[in-house]
>>> print(open('data-v1.cif').read())   # mmCIF, C-alpha atoms and all ligand atoms
data_start
loop_
_atom_site.label_atom_id
_atom_site.label_comp_id
_atom_site.auth_asym_id
_atom_site.auth_seq_id
_atom_site.Cartn_x
_atom_site.Cartn_y
_atom_site.Cartn_z
CA MET A 3 81.02 197.01 29.93
CA ALA A 4 81.21 193.32 29.15
CA VAL A 5 77.83 191.67 28.85
CA CYS A 6 77.48 187.90 28.75
CA ARG A 7 74.19 186.62 27.38
CA ARG A 8 75.32 183.33 25.97
CA LYS A 9 72.92 180.42 26.15
CA VAL A 10 75.77 178.12 27.16
CA VAL A 11 77.30 179.14 30.47
CA ARG A 12 81.05 179.17 30.23
CA PHE A 13 83.71 178.66 32.83
CA ARG A 14 86.84 180.73 32.93
CA SER A 15 89.63 178.75 34.46
CA THR A 16 91.69 180.64 37.01
CA LEU A 17 94.10 177.84 37.84
CA GLU A 18 94.87 176.40 34.45
CA ARG A 19 94.85 179.71 32.60
CA ARG A 20 92.66 178.32 29.87
CA ASN A 21 90.52 180.69 27.91
CA THR A 22 87.10 179.17 28.43
CA VAL A 23 85.72 175.70 28.85
CA THR A 24 82.07 174.76 28.78
CA ILE A 25 80.63 172.83 31.66
CA THR A 26 79.58 170.11 29.26
CA SER A 27 83.17 169.42 28.23
CA ASN A 28 84.91 166.51 29.89
CA SER A 29 87.58 167.42 32.37
CA ALA A 30 90.92 165.71 32.20
CA PRO A 31 91.08 162.58 34.38
CA CYS A 32 92.59 162.83 37.86
CA THR A 33 92.31 166.58 38.27
CA LYS A 34 91.17 169.12 40.82
CA ARG A 35 90.32 172.36 39.07
CA ARG A 36 89.29 175.75 40.39
CA ILE A 37 87.03 177.67 38.05
CA THR A 38 85.10 180.93 38.10
CA LEU A 39 81.47 180.98 36.98
CA ARG A 40 80.00 184.32 36.03
CA THR A 41 76.32 185.22 36.17
CA PRO A 42 74.83 186.24 32.80
CA GLY A 43 74.83 189.98 32.15
CA TYR A 44 74.33 192.72 34.71
CA VAL A 45 71.29 193.52 36.79
CA ASP A 46 71.16 196.79 38.68
CA GLY A 47 74.79 197.22 37.66
CA VAL A 48 75.85 194.00 39.38
CA SER A 49 77.36 190.80 38.06
CA VAL A 50 78.81 188.05 40.24
CA GLU A 51 81.61 185.55 39.84
CA LEU A 52 81.16 182.29 41.73
CA PRO A 53 83.96 179.95 42.78
CA VAL A 54 83.67 176.40 41.47
CA VAL A 55 85.85 173.39 42.24
CA VAL A 56 85.67 170.36 39.95
CA VAL A 57 87.26 167.10 41.11
CA THR A 58 87.41 164.56 38.29
CA GLY A 59 88.25 160.93 38.93
CA ALA A 60 90.39 158.48 37.01
CA SER A 61 87.49 157.21 34.94
CA PRO A 62 83.93 158.33 34.08
CA GLY A 63 81.13 157.64 36.51
CA LYS A 64 78.42 159.34 38.52
CA LYS A 65 78.29 163.06 39.20
CA LEU A 66 77.72 164.59 42.64
CA VAL A 67 77.08 168.33 42.94
CA VAL A 68 77.50 170.16 46.25
CA VAL A 69 76.00 173.63 46.68
CA ALA A 70 76.78 175.69 49.80
CA THR A 71 76.14 179.22 51.02
CA GLN A 72 72.97 180.00 49.12
CA HIS A 73 72.46 182.28 52.11
CA GLY A 74 75.27 184.47 53.35
CA ARG A 75 75.34 183.69 57.06
CA GLU A 76 75.47 179.90 56.60
CA VAL A 77 79.19 179.33 56.82
CA ASN A 78 79.46 175.72 58.00
CA GLY A 79 78.80 174.59 54.41
CA PRO A 80 81.95 176.00 52.79
CA ALA A 81 83.94 174.82 55.84
CA ALA A 82 82.67 171.26 55.27
CA VAL A 83 83.56 171.53 51.58
CA TYR A 84 87.06 172.68 52.56
CA ARG A 85 87.53 169.61 54.76
CA ALA A 86 86.08 167.22 52.17
CA LEU A 87 88.40 168.57 49.48
CA GLN A 88 91.37 167.78 51.73
CA ASN A 89 90.25 164.14 51.73
CA LEU A 90 89.57 163.75 48.00
CA ASN A 91 92.20 162.12 45.85
CA PRO A 92 91.07 162.17 42.18
CA GLU A 93 93.13 159.04 41.47
CA GLU A 94 90.85 157.10 43.83
CA MET A 95 87.67 158.41 42.25
CA THR A 96 85.35 157.15 39.52
CA GLY A 97 83.20 160.01 38.28
CA GLU A 98 83.12 163.65 39.29
CA ILE A 99 82.23 165.98 42.15
CA ILE A 100 81.45 169.62 41.43
CA PHE A 101 81.44 172.05 44.34
CA PHE A 102 79.78 175.44 44.39
CA PRO A 103 81.06 176.34 47.87
CA VAL A 104 79.92 179.98 47.88
CA ALA A 105 76.77 180.22 45.80
CA ASN A 106 76.00 183.72 47.05
CA PRO A 107 79.31 185.67 47.23
CA PRO A 108 77.92 189.16 47.93
CA CYS A 109 75.84 187.91 50.86
CA ILE A 110 78.64 186.05 52.61
CA ARG A 111 80.69 189.25 52.59
CA MET A 112 77.74 191.44 53.61
CA GLN A 113 76.80 189.05 56.45
CA VAL A 114 73.20 188.86 55.22
CA GLN A 115 71.11 185.97 53.96
CA ASP A 116 69.85 187.53 50.73
CA PHE A 117 71.00 190.21 48.31
CA PRO A 118 70.56 193.10 48.76
CA MET A 119 68.70 192.52 52.05
CA ASP A 120 66.88 189.80 53.92
CA ARG A 121 64.40 191.76 55.97
CA ASN A 122 61.19 189.96 56.89
CA ARG A 123 62.05 186.87 54.85
CA ALA A 124 60.94 184.56 57.62
CA LEU A 125 57.57 186.18 58.14
CA LYS A 126 56.11 184.95 54.86
CA THR A 127 58.06 182.18 53.22
CA GLY A 128 56.45 181.71 49.80
CA PRO A 129 58.47 182.59 46.70
CA GLU A 130 56.30 185.62 45.98
CA HIS A 131 57.37 187.04 49.36
CA ASN A 132 61.03 186.14 48.90
CA PRO A 133 62.19 187.79 45.69
CA MET A 134 65.70 188.13 47.09
CA ASN A 135 65.96 184.62 48.55
CA LEU A 136 68.18 182.56 46.24
CA ASN A 137 66.53 179.37 47.45
CA ARG A 138 63.19 180.41 45.98
CA GLN A 139 64.55 181.08 42.46
CA TRP A 140 65.54 177.67 41.07
CA PRO A 141 66.11 176.81 38.27
CA GLY A 142 66.65 180.53 37.73
CA ASP A 143 66.25 183.05 34.95
CA PRO A 144 69.12 184.50 32.83
CA ASP A 145 67.22 187.78 32.45
CA GLY A 146 65.87 188.08 36.00
CA SER A 147 67.09 189.39 39.34
CA LEU A 148 70.61 188.71 40.61
CA PRO A 149 69.54 185.64 42.65
CA GLN A 150 67.61 184.36 39.63
CA ARG A 151 70.73 184.77 37.49
CA ILE A 152 72.89 183.02 40.08
CA ALA A 153 70.45 180.10 40.15
CA HIS A 154 70.41 179.98 36.36
CA ALA A 155 74.20 180.03 36.13
CA ILE A 156 74.68 177.22 38.64
CA TRP A 157 71.80 175.13 37.33
CA ASN A 158 73.06 175.22 33.77
CA ALA A 159 76.69 174.87 34.73
CA GLY A 160 76.49 171.74 36.77
CA LEU A 161 73.19 170.67 38.24
CA GLN A 162 70.91 169.67 35.45
CA ASP A 163 72.58 166.33 34.76
CA ALA A 164 73.70 165.53 38.32
CA ASP A 165 73.11 162.10 39.82
CA CYS A 166 72.72 163.68 43.25
CA VAL A 167 72.70 167.24 44.61
CA LEU A 168 73.67 168.18 48.16
CA ASP A 169 72.39 171.58 49.33
CA LEU A 170 74.16 172.80 52.48
CA HIS A 171 72.52 175.41 54.72
CA CYS A 172 72.58 176.54 58.36
CA TRP A 173 69.88 177.67 60.73
CA GLY A 174 70.00 178.85 64.32
CA ALA A 175 71.15 176.58 67.15
CA THR A 176 67.81 176.75 68.98
CA THR A 177 66.63 174.16 66.43
CA THR A 178 68.00 170.67 65.74
CA ALA A 179 70.46 170.50 62.89
CA LEU A 180 68.65 168.46 60.26
CA ALA A 181 69.13 166.74 56.91
CA TRP A 182 66.23 165.79 54.68
CA GLY A 183 65.17 164.76 51.25
CA GLN A 184 62.03 163.85 49.42
CA GLN A 185 60.89 160.25 49.31
CA GLU A 186 62.72 159.46 46.07
CA ALA A 187 65.94 160.66 47.69
CA GLU A 188 65.59 158.55 50.85
CA PRO A 189 68.55 156.21 50.09
CA PHE A 190 70.75 159.28 49.63
CA VAL A 191 69.50 160.93 52.83
CA THR A 192 70.25 157.72 54.71
CA ALA A 193 73.68 157.38 53.12
CA PHE A 194 74.55 161.01 53.93
CA GLY A 195 74.54 159.91 57.53
CA PHE A 196 73.62 163.10 59.37
CA PRO A 197 72.67 162.40 63.02
CA TRP A 198 69.18 163.94 62.57
CA PHE A 199 67.17 163.48 59.39
CA GLN A 200 63.71 163.38 57.83
CA VAL A 201 62.09 162.17 54.62
CA HIS A 202 59.45 164.50 53.18
CA ASP A 203 56.61 164.36 50.70
CA ARG A 204 57.24 166.43 47.62
CA LYS A 205 54.55 168.89 48.68
CA ALA A 206 56.59 169.82 51.75
CA ALA A 207 59.03 171.82 49.62
CA GLN A 208 58.09 175.21 48.23
CA PRO A 209 58.33 176.12 44.55
CA GLY A 210 61.65 177.65 43.66
CA MET A 211 63.65 175.73 46.24
CA LEU A 212 66.65 173.88 44.87
CA GLU A 213 65.19 170.60 46.14
CA SER A 214 61.95 171.32 44.26
CA ALA A 215 63.76 172.06 41.00
CA CYS A 216 65.78 168.86 41.44
CA ALA A 217 62.62 166.85 42.10
CA GLU A 218 61.08 168.20 38.89
CA GLN A 219 64.08 166.79 37.01
CA GLY A 220 64.17 163.52 38.95
CA ILE A 221 67.48 164.40 40.60
CA PRO A 222 67.84 163.15 44.20
CA CYS A 223 68.56 166.14 46.46
CA VAL A 224 69.76 166.04 50.06
CA VAL A 225 69.25 169.26 52.01
CA CYS A 226 71.16 169.81 55.24
CA GLU A 227 70.64 172.56 57.78
CA MET A 228 73.66 172.65 60.07
CA THR A 229 73.88 174.86 63.16
CA PRO A 230 74.49 177.62 64.02
CA GLN A 231 74.58 180.50 61.57
CA ASN A 232 77.43 183.03 61.46
CA VAL A 233 80.18 180.92 63.02
CA VAL A 234 81.81 177.61 62.13
CA ALA A 235 81.05 174.70 64.46
CA PRO A 236 83.68 171.92 64.37
CA GLU A 237 81.25 169.05 64.92
CA MET A 238 78.99 170.28 62.12
CA VAL A 239 81.91 170.64 59.75
CA GLU A 240 82.84 167.03 60.50
CA HIS A 241 79.27 165.83 59.91
CA GLY A 242 79.22 167.77 56.63
CA ARG A 243 82.63 166.51 55.53
CA ARG A 244 81.71 162.93 56.25
CA GLY A 245 78.33 163.38 54.56
CA ILE A 246 79.91 164.60 51.32
CA LEU A 247 82.26 161.61 51.27
CA ASN A 248 79.39 159.28 52.19
CA LEU A 249 77.32 160.46 49.23
CA ALA A 250 80.34 159.98 46.98
CA SER A 251 80.72 156.42 48.29
CA HIS A 252 77.00 155.74 47.87
CA LEU A 253 77.25 156.85 44.23
CA GLY A 254 80.35 154.73 43.62
CA ILE A 255 82.51 157.82 43.07
CA LEU A 256 84.63 156.78 46.04
CA PRO A 257 85.40 153.15 46.91
CA GLY A 258 83.96 151.62 50.05
CA SER A 259 80.75 152.16 51.94
CA PRO A 260 79.39 155.20 53.79
CA GLU A 261 80.55 155.57 57.38
CA HIS A 262 78.03 156.16 60.13
CA PRO A 263 79.99 156.37 63.38
CA HIS A 264 77.26 158.27 65.30
CA PRO A 265 73.73 157.35 66.35
CA ARG A 266 71.19 158.64 63.84
CA TYR A 267 67.60 159.62 64.44
CA GLN A 268 64.87 159.85 61.83
CA ILE A 269 62.65 162.48 63.36
CA ASP A 270 58.89 162.12 63.18
CA GLN A 271 57.73 165.72 63.05
CA GLY A 272 54.13 164.57 62.83
CA THR A 273 54.36 163.75 66.51
CA ALA A 274 55.70 167.18 67.48
CA ILE A 275 54.56 168.59 70.82
CA SER A 276 55.00 172.34 71.30
CA ALA A 277 55.15 173.85 74.76
CA VAL A 278 53.96 177.44 74.70
CA ALA A 279 54.93 180.00 77.34
CA GLU A 280 52.02 181.02 79.52
CA ARG A 281 54.02 183.96 80.86
CA PRO A 282 57.24 185.73 79.87
CA GLY A 283 60.46 184.18 81.08
CA LEU A 284 63.93 182.73 80.55
CA ILE A 285 64.26 179.20 79.15
CA VAL A 286 66.73 177.06 81.07
CA SER A 287 67.51 173.53 79.86
CA ARG A 288 70.08 170.84 80.53
CA TYR A 289 69.80 169.83 76.88
CA ARG A 290 70.72 171.22 73.49
CA ALA A 291 68.46 171.02 70.46
CA GLY A 292 68.92 167.54 68.98
CA ASP A 293 69.47 165.80 72.32
CA VAL A 294 67.41 162.78 73.35
CA VAL A 295 65.17 163.44 76.35
CA GLU A 296 64.03 160.31 78.15
CA ALA A 297 60.44 159.80 79.31
CA GLY A 298 59.65 161.79 82.43
CA GLU A 299 62.73 164.03 82.15
CA THR A 300 62.34 167.80 82.23
CA ALA A 301 63.33 169.09 78.80
CA ALA A 302 63.19 172.78 79.68
CA GLU A 303 62.06 175.14 82.40
CA LEU A 304 60.63 178.61 82.04
CA VAL A 305 62.06 180.84 84.75
CA ASP A 306 60.60 184.11 86.00
CA LEU A 307 63.29 186.76 85.56
CA GLU A 308 62.02 188.68 88.61
CA THR A 309 61.62 185.90 91.17
CA LEU A 310 63.96 183.31 89.57
CA GLU A 311 61.29 180.68 90.22
CA CYS A 312 60.18 178.05 87.75
CA LEU A 313 56.99 179.13 86.03
CA GLN A 314 56.52 176.16 83.76
CA ALA A 315 58.28 172.84 83.22
CA VAL A 316 58.29 170.99 79.92
CA VAL A 317 58.40 167.24 80.60
CA ALA A 318 58.90 164.58 77.92
CA PRO A 319 55.89 162.23 77.95
CA GLU A 320 58.04 159.54 76.31
CA ARG A 321 61.52 159.25 74.80
CA ARG A 322 61.80 162.17 72.39
CA ILE A 323 64.18 164.44 70.52
CA LEU A 324 64.35 168.02 71.73
CA PHE A 325 63.66 169.51 68.30
CA SER A 326 63.90 173.14 69.40
CA VAL A 327 64.50 174.99 72.61
CA GLY A 328 64.18 178.76 72.69
CA ARG A 329 62.67 181.22 70.32
CA SER A 330 62.66 179.74 66.87
CA TRP A 331 64.95 180.71 64.03
CA GLY A 332 64.24 183.34 61.44
CA THR A 333 65.83 186.41 60.04
CA GLY A 334 64.69 189.48 61.93
CA GLN A 335 64.31 187.42 65.08
CA LEU A 336 67.35 186.61 67.13
CA ASP A 337 67.76 183.11 68.46
CA TYR A 338 66.90 183.88 72.03
CA SER A 339 66.24 182.08 75.28
CA VAL A 340 63.87 184.74 76.58
CA VAL A 341 60.28 184.42 75.40
CA ARG A 342 57.09 186.39 75.69
CA ALA A 343 53.79 184.81 76.62
CA GLY A 344 52.51 182.85 73.64
CA GLU A 345 55.93 182.07 72.21
CA THR A 346 57.30 178.54 72.01
CA ILE A 347 59.50 177.29 74.83
CA ALA A 348 60.39 173.96 73.24
CA VAL A 349 59.28 171.42 70.65
CA LEU A 350 59.64 167.69 71.31
CA CYS A 351 59.46 165.18 68.44
CA GLY A 352 59.16 161.43 68.34
CA VAL A 353 61.79 159.20 66.74
CA ALA A 354 60.52 157.28 63.71
CA ARG A 355 63.70 155.19 63.37
CA GLU A 356 66.91 155.05 65.34
CA PHE A 357 70.22 153.75 63.98
CA VAL A 358 73.17 152.61 66.04
CA PRO A 359 76.71 153.64 65.01
CA GLU A 360 78.33 151.63 62.22
CA ILE A 361 81.71 151.96 60.54
CA ALA A 362 82.74 150.41 57.23
CA SER A 363 85.26 147.64 57.77
CA ASP A 364 87.41 148.58 54.79
CA GLY A 365 88.06 152.05 56.18
CA SER A 366 88.03 153.55 52.71
CA VAL A 367 86.36 156.75 53.84
CA GLY A 368 88.71 158.22 56.38
CA SER A 369 87.80 160.14 59.51
CA ASP A 370 89.75 162.97 61.05
ZN ZN B 1 69.92 178.63 53.83
#
>>> encode(input="data-v1.cif", output="structure tokens")
Amino acid sequence: MAVCRRKVVRFRSTLERRNTVTITSNSAPCTKRRITLRTPGYVDGVSVELPVVVVTGASPGKKLVVVATQHGREVNGPAAVYRALQNLNPEEMTGEIIFFPVANPPCIRMQVQDFPMDRNRALKTGPEHNPMNLNRQWPGDPDGSLPQRIAHAIWNAGLQDADCVLDLHCWGATTTALAWGQQEAEPFVTAFGFPWFQVHDRKAAQPGMLESACAEQGIPCVVCEMTPQNVVAPEMVEHGRRGILNLASHLGILPGSPEHPHPRYQIDQGTAISAVAERPGLIVSRYRAGDVVEAGETAAELVDLETLECLQAVVAPERRILFSVGRSWGTGQLDYSVVRAGETIAVLCGVAREFVPEIASDGSVGSD
């Protein structure tokens, strides 16, 4: 049984048939390379090999790292990486982009969020309650659990000297798709260009999250929760693809300026209004999560499943974003439009800032 306990994590190239290259070595200019990263040693008889793609530009510059699929049922991330890679020409790049498109290979095949199981992970979210949640293990431990070893391998292979990290996730479609970053990362969150975004205080992130580990090292981190889980949504893939290229442009890795062809809303969650069901019923809405609801409009209705009459109407007191509609996300709870008494029908949030569409005149970042 081969056991790898080296301090320096090594790549084994699968495309170029090299023996090993360290992550700290410089890649050849103008290359796209596919590499396999192996977790250190075995834990419970398991070791994992992660796919890595390194795109190196014509000359040295900034380094962007993209991590996707920390959780197995969040498949829009690798789809966005796939699309972005189709648009990247190393000869046009200055610097490097490293992709970890499937950070959690066993989970994506098992159709679960965490290895070996994700039961009850949403009930208590602190790291002590989430020993299997990869996004509570950063920067990892080479002698720890499998998710701790995955975090360690990725952190040491590419993240620790990044100029920006993008962490792609997905949550259920009852909640607005959302990008965020901590205050130091605000220019990167803005450049990313996702239609819905927030800027957080550092205390908003829990210990062990990738964004927390990045903040400790002073690395700007953009987190993006696309929707839904389990299936690929074309519009989300396009937002993710454009966001990756936008961050590369913002860092000077790609020429030109970020493109923002859609309206963007900075959501003020401090103004959130939750409408709670007074009785059980079916939620019916003309809107999807993320839509703008104008003042006085009915955001959602709670319908009695016996009489088919409206039990409760949720009306926007002013222009707001429908932040969630339906039972909220969480493993062990299906996204569901039927609620019991006491559960949330909808959450409406104010808009802190609103941006109109804008497109770079030089067209250097292409759209599909
Ligand atoms: Zn996730």
>>> closest_residue(input="data-v1.cif", among="A:Ile255, A:Ala181, A:Ala105, A:Ile156", to="Pro144 in chain A", atoms="only C-alpha atoms")
A:Ile156
>>> closest_atom_pairs(input="data-v1.cif", of="range 311-356 of chain A", to="range 169-177 of chain A", cutoff="6 Å", atoms="all atoms listed in the file", output="Markdown table")
| residue | atom | partner | partner_atom | distance |
| --- | --- | --- | --- | --- |
| A:Phe325 | CA | A:Thr177 | CA | 5.8 |
| A:Ser326 | CA | A:Thr177 | CA | 4.2 |
| A:Val327 | CA | A:Thr176 | CA | 5.2 |
| A:Gly328 | CA | A:Thr176 | CA | 5.6 |
| A:Trp331 | CA | A:Gly174 | CA | 5.4 |
>>> residues_near_ligand(input="data-v1.cif", ligand="ligand ZN 1 (chain B)", cutoff="12 Å", atoms="only C-alpha atoms and all ligand atoms", output="CSV table (one decimal) with C-alpha atoms, in the coordinates of the input")
chain,number,residue,atom,x,y,z
A,69,VAL,CA,76.0,173.6,46.7
A,70,ALA,CA,76.8,175.7,49.8
A,71,THR,CA,76.1,179.2,51.0
A,72,GLN,CA,73.0,180.0,49.1
A,73,HIS,CA,72.5,182.3,52.1
A,74,GLY,CA,75.3,184.5,53.4
A,75,ARG,CA,75.3,183.7,57.1
A,76,GLU,CA,75.5,179.9,56.6
A,77,VAL,CA,79.2,179.3,56.8
A,78,ASN,CA,79.5,175.7,58.0
A,79,GLY,CA,78.8,174.6,54.4
A,104,VAL,CA,79.9,180.0,47.9
A,105,ALA,CA,76.8,180.2,45.8
A,106,ASN,CA,76.0,183.7,47.0
A,109,CYS,CA,75.8,187.9,50.9
A,110,ILE,CA,78.6,186.0,52.6
A,114,VAL,CA,73.2,188.9,55.2
A,115,GLN,CA,71.1,186.0,54.0
A,116,ASP,CA,69.8,187.5,50.7
A,120,ASP,CA,66.9,189.8,53.9
A,123,ARG,CA,62.0,186.9,54.8
A,124,ALA,CA,60.9,184.6,57.6
A,135,ASN,CA,66.0,184.6,48.6
A,136,LEU,CA,68.2,182.6,46.2
A,137,ASN,CA,66.5,179.4,47.4
A,138,ARG,CA,63.2,180.4,46.0
A,169,ASP,CA,72.4,171.6,49.3
A,170,LEU,CA,74.2,172.8,52.5
A,171,HIS,CA,72.5,175.4,54.7
A,172,CYS,CA,72.6,176.5,58.4
A,173,TRP,CA,69.9,177.7,60.7
A,174,GLY,CA,70.0,178.8,64.3
A,211,MET,CA,63.6,175.7,46.2
A,212,LEU,CA,66.6,173.9,44.9
A,225,VAL,CA,69.2,169.3,52.0
A,226,CYS,CA,71.2,169.8,55.2
A,227,GLU,CA,70.6,172.6,57.8
A,228,MET,CA,73.7,172.6,60.1
A,229,THR,CA,73.9,174.9,63.2
A,230,PRO,CA,74.5,177.6,64.0
A,231,GLN,CA,74.6,180.5,61.6
A,232,ASN,CA,77.4,183.0,61.5
A,331,TRP,CA,65.0,180.7,64.0
A,332,GLY,CA,64.2,183.3,61.4
A,333,THR,CA,65.8,186.4,60.0
>>> atom_distance(input="data-v1.cif", atom1="CA of Gln113 in chain A", atom2="CA of Val67 in chain A")
24.7 Å
>>> atom_distance(input="data-v1.cif", atom1="CA of Asp143 in chain A", atom2="CA of Val48 in chain A")
15.2 Å
>>> atom_distance(input="data-v1.cif", atom1="CA of Glu356 in chain A", atom2="CA of Leu168 in chain A")
22.7 Å
>>> closest_residue(input="data-v1.cif", among="A:Thr58, A:Tyr44, A:Asp163, A:Glu320", to="Pro149 in chain A", atoms="all atoms listed in the file")
A:Tyr44
>>> residues_around(input="data-v1.cif", residues="range 186-198 of chain A", least_positions_apart="2", cutoff="10 Å", atoms="all atoms listed in the file", output="VMD selection string")
chain A and resid 166 to 168 178 to 184 200 to 204 217 220 to 228 238 241 to 253 259 to 269 292 to 293 323 325 353 356 to 357 359
>>> axis_aligned_box(input="data-v1.cif", around="range 101-108 of chain A", padding_each_side="4 Å", output="JSON")
{"center_x": 78.7, "center_y": 180.6, "center_z": 46.1, "size_x": 13.4, "size_y": 25.1, "size_z": 11.6}
>>> closest_residue(input="data-v1.cif", among="A:Gln271, A:Asn91, A:Thr96, A:Gln208", to="Val349 in chain A", atoms="only C-alpha atoms")
A:Gln271
>>> closest_residue(input="data-v1.cif", among="A:Ser287, A:Gln162, A:Gln185, A:Ser276", to="Cys216 in chain A", atoms="all atoms listed in the file")
A:Gln162
>>> closest_atom_pairs(input="data-v1.cif", of="range 226-295 of chain A", to="range 302-307 of chain A", cutoff="6 Å", atoms="all atoms listed in the file", output="CSV")
residue,atom,partner,partner_atom,distance
A:Gly283,CA,A:Asp306,CA,4.9
A:Leu284,CA,A:Val305,CA,5.0
A:Ile285,CA,A:Leu304,CA,4.7
A:Val286,CA,A:Glu303,CA,5.2
A:Ser287,CA,A:Ala302,CA,4.4
>>> residues_near_point(input="data-v1.cif", point="(91.8, 155.9, 45.6)", cutoff="10 Å", atoms="all atoms listed in the file", output="mmCIF file with C-alpha atoms, in the coordinates of the input")
data_model
loop_
_atom_site.group_PDB
_atom_site.id
_atom_site.type_symbol
_atom_site.label_atom_id
_atom_site.label_comp_id
_atom_site.auth_asym_id
_atom_site.auth_seq_id
_atom_site.Cartn_x
_atom_site.Cartn_y
_atom_site.Cartn_z
ATOM 1 C CA GLY A 59 88.250 160.930 38.930
ATOM 2 C CA ALA A 60 90.390 158.480 37.010
ATOM 3 C CA LEU A 90 89.570 163.750 48.000
ATOM 4 C CA ASN A 91 92.200 162.120 45.850
ATOM 5 C CA PRO A 92 91.070 162.170 42.180
ATOM 6 C CA GLU A 93 93.130 159.040 41.470
ATOM 7 C CA GLU A 94 90.850 157.100 43.830
ATOM 8 C CA MET A 95 87.670 158.410 42.250
ATOM 9 C CA THR A 96 85.350 157.150 39.520
ATOM 10 C CA ILE A 255 82.510 157.820 43.070
ATOM 11 C CA LEU A 256 84.630 156.780 46.040
ATOM 12 C CA PRO A 257 85.400 153.150 46.910
ATOM 13 C CA GLY A 258 83.960 151.620 50.050
ATOM 14 C CA SER A 366 88.030 153.550 52.710
ATOM 15 C CA VAL A 367 86.360 156.750 53.840
#
>>> residues_around(input="data-v1.cif", residues="Gly272 in chain A", least_positions_apart="3", cutoff="9 Å", atoms="all atoms listed in the file", output="PyMOL selection string")
chain A and resi 269+275+351-352
>>> residues_near_point(input="data-v1.cif", point="(69.8, 176.6, 35.9)", cutoff="9 Å", atoms="all atoms listed in the file", output="mmCIF file with C-alpha atoms, keeping the file's coordinate frame")
data_model
loop_
_atom_site.group_PDB
_atom_site.id
_atom_site.type_symbol
_atom_site.label_atom_id
_atom_site.label_comp_id
_atom_site.auth_asym_id
_atom_site.auth_seq_id
_atom_site.Cartn_x
_atom_site.Cartn_y
_atom_site.Cartn_z
ATOM 1 C CA TRP A 140 65.540 177.670 41.070
ATOM 2 C CA PRO A 141 66.110 176.810 38.270
ATOM 3 C CA GLY A 142 66.650 180.530 37.730
ATOM 4 C CA ASP A 143 66.250 183.050 34.950
ATOM 5 C CA PRO A 144 69.120 184.500 32.830
ATOM 6 C CA GLN A 150 67.610 184.360 39.630
ATOM 7 C CA ARG A 151 70.730 184.770 37.490
ATOM 8 C CA ILE A 152 72.890 183.020 40.080
ATOM 9 C CA ALA A 153 70.450 180.100 40.150
ATOM 10 C CA HIS A 154 70.410 179.980 36.360
ATOM 11 C CA ALA A 155 74.200 180.030 36.130
ATOM 12 C CA ILE A 156 74.680 177.220 38.640
ATOM 13 C CA TRP A 157 71.800 175.130 37.330
ATOM 14 C CA ASN A 158 73.060 175.220 33.770
ATOM 15 C CA ALA A 159 76.690 174.870 34.730
ATOM 16 C CA GLY A 160 76.490 171.740 36.770
ATOM 17 C CA LEU A 161 73.190 170.670 38.240
ATOM 18 C CA GLN A 162 70.910 169.670 35.450
#
>>> closest_residue(input="data-v1.cif", among="A:Asp337, A:Glu213, A:Glu296, A:Glu280", to="Ala315 in chain A", atoms="all atoms listed in the file")
A:Glu280
